[in-house]
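Note sheet for the following structure.
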Amino acid sequence: MTPIRKRIILFVSNDLSCDNRVHKVATSLSNNGCDVEVVGRKLKNSMPLSRQCYVQKRLRFLFTKGPLFYAEMNIRFFLYLIFRRFDIATANDLDTLLGVFCAVKLRGKQLVYDSHEYFTEVPELQNRSRVRNMWLAMEKRIFPKLHSVMTVCDSIAKEYEAKYEVPVSVVRNVPYRDVNCERKQLDLPHSKVVLYQGVLNVGRGLELLIETFASVDACLLIVGDGDIRTQLEAMVDQLNLREKVMFLGRIPYDILPAYTQMATIGVSLEEDLGASYHYCLPNKLFDYIQAGIPVLVSDLPEMKSIVSRYSCGEILQERTAQSLADQLNELLCCESKLELYQSNSRIASVELCWENEEQKLLSVYSQLM
């Protein structure tokens with residue numbers, strides 16, 4: 001008798017095109033005998049989705065931001081689950097949790113909560129106490145009732161466990177091993193390339209990085225999009241750095257490695273703005289390592305631990321433009337250091353890959369099956 005395939009639906013608040021973590025989770029579950037569907041939203045500028053081994057669904061919403069957007073999204077997700085056959089639903093981050101949690105309770109099904117960050121401690125909420133308290137109140141109400149929770153690093157897991165006395169699994173957001181993607185060829189003004197890839201939001205150290213490039217002998221590639229892109233582009237124009245700093249916009253996750261491999265150094269310079277960034281372990285750090293390039297990261301505990309353990313790059317010495325410029329220039333000019341860090345990144349990439357990490361993911365879901 002053929003075993004019944006479990007039906008799993010994953011919910012996100014983005015448009016699916018650049019969410020590599022959810023793609024990896026959906027692919028692993030699908031490859032291990034589950035019928036998987038991922039549900040997100042459709043935006044005006046959404047890129048076409050490539051064909052995957054799981055179903056992809058994008059819903060159109062009337063609102064695109066603010067309280068009405070979050071309310072509409074959770075109501076739509078709730079109704080979506082009410083009228084669908086499923087065994088397990090996954091809420092990715094706190095902004096999708098309420099609607100999914102209510103539907104799962106009503107249907108008597110199973111729920112996995114995947115927290116990609118310490119949501120109530122993100123910089124965008126630090127000076128918005130009323131909004132933060134609303135999210136926090138919802139988290140406090142629901143989190144103690146959750147039985148299957150996972151997050152991206154040990155520090156955030158420990159914070160949640162201490163706060164809510166609920167066990168939290170750690171599934172790091174590492175990339176696939178040996179992605180078959182040829183290095184991208186761009187007409188760049190310099191042979192040395194410093195790369196930032198990720199969301200362009202407050203607290204990512206991007207303003208400092210751009211200011212620094214007035215004194216760095218290299219070009220800067222910024223891959224991604226976000227709330228402050230317009231301000232960053234204006235800053236580049238004001239500093240007359242258009243010849244050295246290039247914005248490439250959002251790149252789909254399936255071809256992103258081709259751009260990552262172009263870099264001489266990959267940077268992750270998050271600021272210590274609240275617990276979410278203090279404990280951050282960005283996926284771009286693992287992307288850089290998987291591409292075999294040296295890294296330069298902020299002096300924050302989780303990133304520092306990875307870089308120190310594998311000796312695959314350096315820790316930011318001081319958050320000033322002059323100090324950062326000096327550190328980048330010294331590293332860019334030292335071929336022996338670059339070669340050592342490249343070699344160590346390649347060694348680390350064998351361990352820090354999704355093929356290893358997915359066993360932890362499958363363990364979380366197997367307990368519900």
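Every chain in the structure tokens takes a letter, A first, then B, and so on in the order presented; its residues are numbered from 1, and the ligands are numbered from 1 following the presented order.
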Practice task
With a distance cut-off of 6 Å and only C-alpha atoms, select the neighbouring residues of range 265-273 of chain A, excluding the residue or stretch itself and same-chain residues fewer than 2 positions from it, and output the selection as a ChimeraX atom specification.
Solution key: /A:123,194-196,203-205,263,277-278,288,293-298
Problem - Polymer residues at most 10 Å from range 152-157 of chain A, only C-alpha atoms, same-chain spacing of 5 or more positions, as a VMD selection string - result: chain A and resid 21 114 to 118 162 to 163 166 to 174 275 to 276 278 to 283 301 to 302
Handout entry: Pick from A:Lys145, A:Lys109, A:Arg60, A:Arg183 nearest to Asp15 in chain A, counting only C-alpha atoms
Key = A:Arg60
Exercise for the section: For CA of Ser349 in chain A and CA of Pro175 in chain A, quote the distance in Å rounded to one decimal. Expected result: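 Result for CA of Ser349 in chain A versus CA of Pro175 in chain A: 9.0 Å, one decimal.
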Considering only C-alpha atoms, tabulate each residue of range 154-239 of chain A that lies at most 12 Å from range 329-338 of chain A along with its nearest interatomic pair and the corresponding distance in Å to one decimal; arrange the rows by chain and ascending residue number and present them as a tab-separated table.
residue	atom	partner	partner_atom	distance
A:His190	CA	A:Leu332	CA	11.9
A:Ser191	CA	A:Leu332	CA	10.5
A:Lys192	CA	A:Leu332	CA	7.3
A:Val193	CA	A:Leu332	CA	9.0
A:Val194	CA	A:Leu332	CA	9.2
A:Thr212	CA	A:Asn329	CA	10.5
A:Phe213	CA	A:Asn329	CA	10.1
A:Ala214	CA	A:Asn329	CA	11.7
A:Ser215	CA	A:Asn329	CA	8.5
A:Val216	CA	A:Asn329	CA	6.0
A:Asp217	CA	A:Asn329	CA	6.5
A:Ala218	CA	A:Leu332	CA	8.2
A:Cys219	CA	A:Leu332	CA	11.2
Let's have the selection written as an mmCIF file, in the first residue's frame, with all heavy atoms.
data_model
loop_
_atom_site.group_PDB
_atom_site.id
_atom_site.type_symbol
_atom_site.label_atom_id
_atom_site.label_comp_id
_atom_site.auth_asym_id
_atom_site.auth_seq_id
_atom_site.Cartn_x
_atom_site.Cartn_y
_atom_site.Cartn_z
ATOM 1 N N HIS A 190 36.787 48.192 -11.953
ATOM 2 C CA HIS A 190 37.926 47.787 -11.135
ATOM 3 C C HIS A 190 37.953 46.271 -11.030
ATOM 4 O O HIS A 190 36.906 45.614 -11.010
ATOM 5 C CB HIS A 190 37.833 48.403 -9.737
ATOM 6 C CG HIS A 190 39.164 48.543 -9.049
ATOM 7 N ND1 HIS A 190 39.868 47.451 -8.576
ATOM 8 C CD2 HIS A 190 39.914 49.638 -8.754
ATOM 9 C CE1 HIS A 190 41.002 47.875 -8.013
ATOM 10 N NE2 HIS A 190 41.052 49.185 -8.104
ATOM 11 N N SER A 191 39.140 45.700 -10.940
ATOM 12 C CA SER A 191 39.269 44.244 -10.837
ATOM 13 C C SER A 191 38.943 43.740 -9.437
ATOM 14 O O SER A 191 38.597 42.571 -9.265
ATOM 15 C CB SER A 191 40.695 43.821 -11.219
ATOM 16 O OG SER A 191 41.645 44.419 -10.347
ATOM 17 N N LYS A 192 39.077 44.600 -8.427
ATOM 18 C CA LYS A 192 38.753 44.221 -7.051
ATOM 19 C C LYS A 192 37.308 44.636 -6.754
ATOM 20 O O LYS A 192 36.916 45.782 -7.004
ATOM 21 C CB LYS A 192 39.704 44.900 -6.061
ATOM 22 C CG LYS A 192 41.171 44.496 -6.242
ATOM 23 C CD LYS A 192 41.383 43.026 -5.894
ATOM 24 C CE LYS A 192 42.826 42.585 -6.115
ATOM 25 N NZ LYS A 192 43.757 43.174 -5.136
ATOM 26 N N VAL A 193 36.526 43.692 -6.206
ATOM 27 C CA VAL A 193 35.094 43.919 -5.998
ATOM 28 C C VAL A 193 34.721 43.600 -4.557
ATOM 29 O O VAL A 193 34.987 42.501 -4.057
ATOM 30 C CB VAL A 193 34.246 43.031 -6.936
ATOM 31 C CG1 VAL A 193 32.765 43.231 -6.676
ATOM 32 C CG2 VAL A 193 34.584 43.319 -8.396
ATOM 33 N N VAL A 194 34.095 44.582 -3.894
ATOM 34 C CA VAL A 194 33.507 44.362 -2.573
ATOM 35 C C VAL A 194 32.000 44.220 -2.774
ATOM 36 O O VAL A 194 31.382 45.015 -3.484
ATOM 37 C CB VAL A 194 33.819 45.523 -1.610
ATOM 38 C CG1 VAL A 194 33.120 45.322 -0.268
ATOM 39 C CG2 VAL A 194 35.334 45.634 -1.406
ATOM 40 N N THR A 212 32.640 55.033 2.937
ATOM 41 C CA THR A 212 33.997 54.491 2.942
ATOM 42 C C THR A 212 34.601 54.441 1.546
ATOM 43 O O THR A 212 35.815 54.621 1.366
ATOM 44 C CB THR A 212 33.981 53.070 3.558
ATOM 45 O OG1 THR A 212 33.598 53.167 4.920
ATOM 46 C CG2 THR A 212 35.329 52.403 3.455
ATOM 47 N N PHE A 213 33.757 54.226 0.529
ATOM 48 C CA PHE A 213 34.284 53.973 -0.809
ATOM 49 C C PHE A 213 34.855 55.211 -1.498
ATOM 50 O O PHE A 213 35.403 55.103 -2.599
ATOM 51 C CB PHE A 213 33.249 53.262 -1.676
ATOM 52 C CG PHE A 213 33.513 51.785 -1.712
ATOM 53 C CD1 PHE A 213 33.208 50.999 -0.621
ATOM 54 C CD2 PHE A 213 34.136 51.211 -2.798
ATOM 55 C CE1 PHE A 213 33.487 49.649 -0.621
ATOM 56 C CE2 PHE A 213 34.433 49.864 -2.812
ATOM 57 C CZ PHE A 213 34.110 49.075 -1.720
ATOM 58 N N ALA A 214 34.783 56.340 -0.854
ATOM 59 C CA ALA A 214 35.527 57.493 -1.355
ATOM 60 C C ALA A 214 37.026 57.254 -1.214
ATOM 61 O O ALA A 214 37.840 57.878 -1.910
ATOM 62 C CB ALA A 214 35.118 58.745 -0.580
ATOM 63 N N SER A 215 37.404 56.300 -0.326
ATOM 64 C CA SER A 215 38.823 56.058 -0.045
ATOM 65 C C SER A 215 39.245 54.608 -0.258
ATOM 66 O O SER A 215 40.313 54.203 0.183
ATOM 67 C CB SER A 215 39.132 56.452 1.413
ATOM 68 O OG SER A 215 38.733 57.768 1.692
ATOM 69 N N VAL A 216 38.409 53.814 -0.924
ATOM 70 C CA VAL A 216 38.739 52.401 -1.136
ATOM 71 C C VAL A 216 39.081 52.166 -2.599
ATOM 72 O O VAL A 216 38.365 52.611 -3.498
ATOM 73 C CB VAL A 216 37.563 51.484 -0.712
ATOM 74 C CG1 VAL A 216 37.858 50.034 -1.069
ATOM 75 C CG2 VAL A 216 37.305 51.611 0.783
ATOM 76 N N ASP A 217 40.169 51.446 -2.829
ATOM 77 C CA ASP A 217 40.643 51.176 -4.192
ATOM 78 C C ASP A 217 39.981 49.896 -4.704
ATOM 79 O O ASP A 217 40.613 48.843 -4.849
ATOM 80 C CB ASP A 217 42.159 51.039 -4.185
ATOM 81 C CG ASP A 217 42.729 50.979 -5.599
ATOM 82 O OD1 ASP A 217 42.036 51.435 -6.531
ATOM 83 O OD2 ASP A 217 43.852 50.476 -5.758
ATOM 84 N N ALA A 218 38.675 49.997 -4.985
ATOM 85 C CA ALA A 218 37.889 48.867 -5.482
ATOM 86 C C ALA A 218 36.531 49.408 -5.894
ATOM 87 O O ALA A 218 36.250 50.602 -5.735
ATOM 88 C CB ALA A 218 37.739 47.786 -4.405
ATOM 89 N N CYS A 219 35.678 48.538 -6.427
ATOM 90 C CA CYS A 219 34.301 48.935 -6.692
ATOM 91 C C CYS A 219 33.372 48.176 -5.747
ATOM 92 O O CYS A 219 33.709 47.095 -5.253
ATOM 93 C CB CYS A 219 33.912 48.711 -8.150
ATOM 94 S SG CYS A 219 33.952 46.999 -8.685
#
Exercise for the section: Can you work out the spacing between CA of Ala91 in chain A and CA of Val223 in chain A in Å, to one decimal? Expected result: 26.7 Å
Problem - Best match for closeness to Leu79 in chain A among A:Leu106, A:Val55, A:Val307, A:Ile142, counting only C-alpha atoms - result: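 Smallest distance to Leu79 in chain A is found for A:Leu106.
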Practice task
Can you pull out every residue within 12 Å of Leu59 in chain A, counting only C-alpha atoms, but drop anything in the same chain fewer than 3 positions away, and send it as a list of chain:residue names?
Solution key: A:Phe11, A:Val12, A:Ser13, A:Asn14, A:Asp15, A:Leu16, A:Val38, A:Val39, A:Gly40, A:Arg41, A:Lys42, A:Leu43, A:Lys44, A:Ser46, A:Gln56, A:Leu62, A:Phe63, A:Thr64, A:Glu72, A:Met73, A:Asn74, A:Arg76, A:Phe77, A:Tyr80
Residues from the last selection, N, CA and C atoms, saved as an mmCIF file, in the first residue's frame:
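Once written, again_0.cif looks like this:
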data_model
loop_
_atom_site.group_PDB
_atom_site.id
_atom_site.type_symbol
_atom_site.label_atom_id
_atom_site.label_comp_id
_atom_site.auth_asym_id
_atom_site.auth_seq_id
_atom_site.Cartn_x
_atom_site.Cartn_y
_atom_site.Cartn_z
ATOM 1 N N PHE A 11 3.646 29.686 4.532
ATOM 2 C CA PHE A 11 3.167 31.039 4.302
ATOM 3 C C PHE A 11 4.275 32.062 4.563
ATOM 4 N N VAL A 12 4.406 33.022 3.636
ATOM 5 C CA VAL A 12 5.380 34.106 3.761
ATOM 6 C C VAL A 12 4.710 35.427 3.417
ATOM 7 N N SER A 13 5.314 36.524 3.877
ATOM 8 C CA SER A 13 4.744 37.842 3.582
ATOM 9 C C SER A 13 5.405 38.502 2.387
ATOM 10 N N ASN A 14 6.341 37.801 1.719
ATOM 11 C CA ASN A 14 7.014 38.351 0.542
ATOM 12 C C ASN A 14 6.448 37.730 -0.734
ATOM 13 N N ASP A 15 7.080 38.019 -1.862
ATOM 14 C CA ASP A 15 6.535 37.540 -3.146
ATOM 15 C C ASP A 15 7.229 36.279 -3.676
ATOM 16 N N LEU A 16 7.993 35.602 -2.817
ATOM 17 C CA LEU A 16 8.618 34.299 -3.108
ATOM 18 C C LEU A 16 9.870 34.379 -3.976
ATOM 19 N N VAL A 38 3.768 26.724 -1.369
ATOM 20 C CA VAL A 38 4.245 27.955 -0.730
ATOM 21 C C VAL A 38 3.341 29.104 -1.159
ATOM 22 N N VAL A 39 2.834 29.860 -0.189
ATOM 23 C CA VAL A 39 1.894 30.939 -0.456
ATOM 24 C C VAL A 39 2.489 32.263 -0.002
ATOM 25 N N GLY A 40 2.546 33.221 -0.926
ATOM 26 C CA GLY A 40 3.029 34.564 -0.614
ATOM 27 C C GLY A 40 2.115 35.599 -1.240
ATOM 28 N N ARG A 41 2.685 36.734 -1.634
ATOM 29 C CA ARG A 41 1.851 37.784 -2.212
ATOM 30 C C ARG A 41 2.412 38.263 -3.552
ATOM 31 N N LYS A 42 1.540 38.809 -4.346
ATOM 32 C CA LYS A 42 1.896 39.332 -5.659
ATOM 33 C C LYS A 42 2.053 40.840 -5.563
ATOM 34 N N LEU A 43 3.198 41.355 -6.026
ATOM 35 C CA LEU A 43 3.462 42.789 -6.034
ATOM 36 C C LEU A 43 3.483 43.299 -7.476
ATOM 37 N N LYS A 44 3.379 44.599 -7.627
ATOM 38 C CA LYS A 44 3.394 45.180 -8.969
ATOM 39 C C LYS A 44 4.701 44.896 -9.703
ATOM 40 N N SER A 46 6.780 42.309 -9.011
ATOM 41 C CA SER A 46 7.235 40.940 -8.765
ATOM 42 C C SER A 46 7.836 40.321 -10.021
ATOM 43 N N GLN A 56 3.653 26.956 -6.163
ATOM 44 C CA GLN A 56 3.844 28.340 -5.725
ATOM 45 C C GLN A 56 2.564 29.131 -5.996
ATOM 46 N N LEU A 62 -5.197 44.085 -1.423
ATOM 47 C CA LEU A 62 -5.598 45.474 -1.652
ATOM 48 C C LEU A 62 -4.587 46.443 -1.066
ATOM 49 N N PHE A 63 -3.996 46.072 0.069
ATOM 50 C CA PHE A 63 -3.056 46.947 0.763
ATOM 51 C C PHE A 63 -1.649 46.365 0.669
ATOM 52 N N THR A 64 -0.653 47.230 0.649
ATOM 53 C CA THR A 64 0.725 46.778 0.474
ATOM 54 C C THR A 64 1.606 47.047 1.679
ATOM 55 N N GLU A 72 -5.175 42.321 6.477
ATOM 56 C CA GLU A 72 -5.697 41.647 5.294
ATOM 57 C C GLU A 72 -4.943 40.351 5.022
ATOM 58 N N MET A 73 -3.612 40.392 5.137
ATOM 59 C CA MET A 73 -2.810 39.208 4.845
ATOM 60 C C MET A 73 -3.180 38.059 5.781
ATOM 61 N N ASN A 74 -3.292 38.319 7.064
ATOM 62 C CA ASN A 74 -3.600 37.247 8.014
ATOM 63 C C ASN A 74 -5.022 36.713 7.831
ATOM 64 N N ARG A 76 -6.589 36.665 4.914
ATOM 65 C CA ARG A 76 -6.527 35.871 3.676
ATOM 66 C C ARG A 76 -5.858 34.524 3.914
ATOM 67 N N PHE A 77 -4.796 34.503 4.710
ATOM 68 C CA PHE A 77 -4.122 33.239 5.012
ATOM 69 C C PHE A 77 -5.035 32.318 5.830
ATOM 70 N N TYR A 80 -7.575 30.954 3.481
ATOM 71 C CA TYR A 80 -6.921 30.021 2.558
ATOM 72 C C TYR A 80 -6.819 28.635 3.188
#
Exercise for the section: Can you pull out every residue within 10 Å of Tyr259 in chain A, counting only C-alpha atoms, but drop anything in the same chain fewer than 4 positions away, and send it as an NGL selection string? Expected result: :A and (181-186 or 195 or 197 or 221 or 223 or 248 or 251 or 255 or 263 or 291)
Expected file contents, prior selection, N, CA and C atoms, as a PDB file, in the first residue's frame:
ATOM      1  N   CYS A 181      26.384  27.142 -11.133  1.00  0.00           N
ATOM      2  CA  CYS A 181      26.080  28.488 -11.631  1.00  0.00           C
ATOM      3  C   CYS A 181      27.386  29.150 -12.049  1.00  0.00           C
ATOM      4  N   GLU A 182      27.541  29.447 -13.330  1.00  0.00           N
ATOM      5  CA  GLU A 182      28.778  30.051 -13.810  1.00  0.00           C
ATOM      6  C   GLU A 182      28.916  31.484 -13.304  1.00  0.00           C
ATOM      7  N   ARG A 183      30.146  31.848 -13.026  1.00  0.00           N
ATOM      8  CA  ARG A 183      30.435  33.190 -12.537  1.00  0.00           C
ATOM      9  C   ARG A 183      29.961  34.245 -13.537  1.00  0.00           C
ATOM     10  N   LYS A 184      29.262  35.251 -13.033  1.00  0.00           N
ATOM     11  CA  LYS A 184      28.742  36.319 -13.878  1.00  0.00           C
ATOM     12  C   LYS A 184      29.870  37.223 -14.355  1.00  0.00           C
ATOM     13  N   GLN A 185      29.765  37.672 -15.570  1.00  0.00           N
ATOM     14  CA  GLN A 185      30.760  38.584 -16.130  1.00  0.00           C
ATOM     15  C   GLN A 185      30.113  39.958 -16.343  1.00  0.00           C
ATOM     16  N   LEU A 186      30.586  40.947 -15.601  1.00  0.00           N
ATOM     17  CA  LEU A 186      30.094  42.309 -15.751  1.00  0.00           C
ATOM     18  C   LEU A 186      31.244  43.226 -16.134  1.00  0.00           C
ATOM     19  N   LEU A 195      31.414  43.185  -2.176  1.00  0.00           N
ATOM     20  CA  LEU A 195      30.005  42.858  -2.419  1.00  0.00           C
ATOM     21  C   LEU A 195      29.179  42.944  -1.148  1.00  0.00           C
ATOM     22  N   GLN A 197      25.199  41.833  -0.422  1.00  0.00           N
ATOM     23  CA  GLN A 197      23.954  41.302  -0.982  1.00  0.00           C
ATOM     24  C   GLN A 197      22.963  41.089   0.157  1.00  0.00           C
ATOM     25  N   LEU A 221      29.610  46.505  -5.223  1.00  0.00           N
ATOM     26  CA  LEU A 221      28.370  46.021  -5.798  1.00  0.00           C
ATOM     27  C   LEU A 221      27.354  45.840  -4.676  1.00  0.00           C
ATOM     28  N   VAL A 223      23.720  44.302  -4.114  1.00  0.00           N
ATOM     29  CA  VAL A 223      22.686  43.444  -4.697  1.00  0.00           C
ATOM     30  C   VAL A 223      21.522  43.358  -3.718  1.00  0.00           C
ATOM     31  N   LEU A 248      22.557  46.712  -8.222  1.00  0.00           N
ATOM     32  CA  LEU A 248      22.088  45.719  -9.183  1.00  0.00           C
ATOM     33  C   LEU A 248      20.646  45.300  -8.945  1.00  0.00           C
ATOM     34  N   ILE A 251      18.071  40.066  -7.217  1.00  0.00           N
ATOM     35  CA  ILE A 251      18.498  38.974  -8.091  1.00  0.00           C
ATOM     36  C   ILE A 251      17.836  37.690  -7.590  1.00  0.00           C
ATOM     37  N   ILE A 255      20.007  32.372  -9.410  1.00  0.00           N
ATOM     38  CA  ILE A 255      21.165  32.869 -10.161  1.00  0.00           C
ATOM     39  C   ILE A 255      22.057  33.779  -9.321  1.00  0.00           C
ATOM     40  N   ALA A 263      32.882  38.443  -6.403  1.00  0.00           N
ATOM     41  CA  ALA A 263      33.451  39.335  -5.391  1.00  0.00           C
ATOM     42  C   ALA A 263      34.853  38.927  -4.956  1.00  0.00           C
ATOM     43  N   ALA A 291      30.640  30.553  -1.697  1.00  0.00           N
ATOM     44  CA  ALA A 291      31.272  31.002  -2.943  1.00  0.00           C
ATOM     45  C   ALA A 291      32.793  31.009  -2.843  1.00  0.00           C
TER      46      ALA A 291
END
Practice task
Mind listing the helix (DSSP H, G or I) residues of range 35-258 of chain A, per DSSP on the backbone, as a ChimeraX atom specification?
Solution key: /A:66-82,94-107,119-121,123-125,129-145,154-164,206-212,229-238,256-258
Each residue of range 59-174 of chain A lying at most 9 Å from range 358-369 of chain A should get a row with its shortest atom-to-atom pair and the distance in Å to one decimal, counting only C-alpha atoms; could you produce that, ordered by chain and increasing number, as a Markdown table?
| residue | atom | partner | partner_atom | distance |
| --- | --- | --- | --- | --- |
| A:Asp87 | CA | A:Met369 | CA | 8.6 |
| A:Ile88 | CA | A:Leu368 | CA | 7.9 |
| A:Gln110 | CA | A:Leu368 | CA | 6.9 |
| A:Leu111 | CA | A:Leu368 | CA | 8.6 |
| A:Val112 | CA | A:Tyr365 | CA | 7.8 |
| A:Ser148 | CA | A:Val364 | CA | 6.8 |
| A:Val149 | CA | A:Val364 | CA | 8.1 |
| A:Met150 | CA | A:Val364 | CA | 7.9 |
| A:Ser169 | CA | A:Val364 | CA | 7.5 |
| A:Val170 | CA | A:Lys360 | CA | 7.6 |
| A:Val171 | CA | A:Lys360 | CA | 6.2 |
Write the selection just made, keeping N, CA and C atoms, as a short mmCIF file (atom, residue, chain, number, x, y, z; two decimals), in the first residue's frame?
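Contents of result11.cif, as written:
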data_model
loop_
_atom_site.label_atom_id
_atom_site.label_comp_id
_atom_site.auth_asym_id
_atom_site.auth_seq_id
_atom_site.Cartn_x
_atom_site.Cartn_y
_atom_site.Cartn_z
N ASP A 87 -2.08 18.99 6.09
CA ASP A 87 -1.76 18.32 7.34
C ASP A 87 -0.94 19.22 8.26
N ILE A 88 -0.01 19.97 7.66
CA ILE A 88 0.88 20.84 8.44
C ILE A 88 0.94 22.20 7.74
N GLN A 110 -1.55 20.55 12.35
CA GLN A 110 -0.25 20.80 12.96
C GLN A 110 0.35 22.11 12.43
N LEU A 111 1.17 22.76 13.28
CA LEU A 111 1.79 24.04 12.91
C LEU A 111 3.27 24.02 13.22
N VAL A 112 4.06 24.53 12.28
CA VAL A 112 5.48 24.82 12.49
C VAL A 112 5.66 26.33 12.38
N SER A 148 6.16 23.25 17.76
CA SER A 148 7.25 23.06 16.81
C SER A 148 7.73 24.42 16.34
N VAL A 149 8.89 24.83 16.85
CA VAL A 149 9.44 26.14 16.54
C VAL A 149 10.88 25.96 16.09
N MET A 150 11.27 26.70 15.05
CA MET A 150 12.67 26.70 14.65
C MET A 150 13.09 28.13 14.32
N SER A 169 14.21 24.65 17.87
CA SER A 169 15.26 24.03 17.06
C SER A 169 15.99 25.08 16.24
N VAL A 170 17.25 24.83 15.95
CA VAL A 170 18.05 25.75 15.14
C VAL A 170 18.31 25.12 13.77
N VAL A 171 17.85 25.80 12.73
CA VAL A 171 18.11 25.41 11.35
C VAL A 171 18.71 26.63 10.66
#
Exercise for the section: Choose the residue, out of A:Cys53, A:Leu352, A:Leu256, A:Leu94, that has the smallest atom-to-atom separation from Asn20 in chain A; count only C-alpha atoms. Expected result: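 When distances to Asn20 in chain A are compared using only C-alpha atoms, the smallest one comes from A:Leu256.
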